Structure formats: structure tokens, C-alpha cells
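Encoded as C-alpha cells, the structure appears first; notes follow it.
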Amino acid sequence: MMMTELLHYFSSHTIEVVAAFTGILSVLFQIRQNVLVWFFGIVASLLYTWVFFHSRLYALMSLQAYYIAISIYGWVVWVRKKKQDDTAIRRLSVRETIRFFLILGMLSGAFFLFLSRYTDSVVPFADAFITASCLVASYMLAHKYLEQWLVWLVVDVISIFLYFYQHLYSTVVFSIVLSVMAVVGFSQWNKQWQQQ
């Protein structure tokens, strides 16, 4: 009976399962600092656009367009830096940290106001905060800031609860895996940063 239910779930949530799998591949390449992070990120974003639209998570759906754009940008930046032999991991200064927190706060507030007034989003605050955090973290990834892993960890942990609430169980598993991978990624990038 359990196997039948599992097969039924996979058959009715195929796009979500494939999106989660390609997202995991993207983060594996992110940990290894391999440019394929961007290719698999684009594929996952295209698939998650459909998933979030059908789950009425509109800010997260819109975020996928940004992910595609930042993935193209990150791909170009990483290729260019590799050609210049500049693959160093960076750390945020105090000034940059304050700036990123201010940007995060403003984006979260703007998304929340829009979602709560103009959409039927079921969880506007969580949707807004996660979306704003993802915008900031993906920009930080494109420029190889170590602290981007910490932002992803916060996003992933909050996302576990949001996706569970929305019955997106493949994406719950995906978020749990991403949380673990964020810890591993931070550890590995931190070791490399210390060796630089």
C-alpha cells in the first residue's frame, strides 16, 4: 500500500520532484564551486515557476524569473573570474552586512505589502521574507560571499515549514536536504577562505 501511495505521489507531483532533484544538483555544484550550479539552477527555476504558480505562492513564483536572470549573471561572472584566475571566496564587511540587512528589510516589507493587498497569497509574510532573502543570497552567491550559506540556511529552515503547510512534500524534503547542504557548504567554503 505504501509503495502504491508513493508512486501515486510521484506521478501526480512529477514536476515538483524533478525540480527538487535539479535543485539539489545545483547546490552540489555550488558547494564544489563548479559553474554547472548556474545551469541546474536555471532548470530548477523553470520547473518551480509552475509548482509555485499552482500553489499560489506568487512571490516565490516571481522569484524564479530573478533566479534565471541571476543565474545567467552568475554564470558570466564565474566564467570571467575563472579566466582572470580570480576564484577567491569573499567575506562581508560590516558595511556590506548592514547594507544587505537593510535591503532585505525593505524588500521583505515591499513584497509583504504587495502580497497582502493585491493577491490571494495564503502566507504573505513568509512568502515575502523567503523571496527577499533568496534575492539577497543569490546575489551574494554570484560574488562568492561566504555568508550566503548562512542566509540560505535560514531560508531553507523557514521553507520547510512553509512547504509542509502547502503540502509540497517533495519540496519539504528538498529544503531539509538544502539545510544540511548549507551547513556543509559553509564549512567547506570557510576552510577554503582560511587557506586563501
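Ordering of the C-alpha cells sets the chain letters (A, B, ...); residue numbers start at 1 within each chain; ligands are numbered from 1 in the order shown.
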Residues near Tyr145 of chain A, anyone? I mean within 12 Å using only C-alpha atoms, not counting same-chain ones fewer than 2 positions away, as a ChimeraX atom specification. /A:33,87-93,96-97,100,136-143,147-152,185-186,189-190,193
Once you count only C-alpha atoms, what closest atom pair and distance in Å to one decimal does each residue of segment 73-166 of chain A within 7 Å of segment 178-181 of chain A have, with rows by chain and rising residue number, as CSV?
residue,atom,partner,partner_atom,distance
A:Leu153,CA,A:Ser179,CA,5.3
A:Asp156,CA,A:Ser179,CA,5.5
A:Val157,CA,A:Ser179,CA,6.4
Considering only helix (DSSP H, G or I) as DSSP defines it on the backbone, what residues of segment 46-159 of chain A qualify? List them as a PyMOL selection string. chain A and resi 46-54+58-83+94-118+124-142+148-159
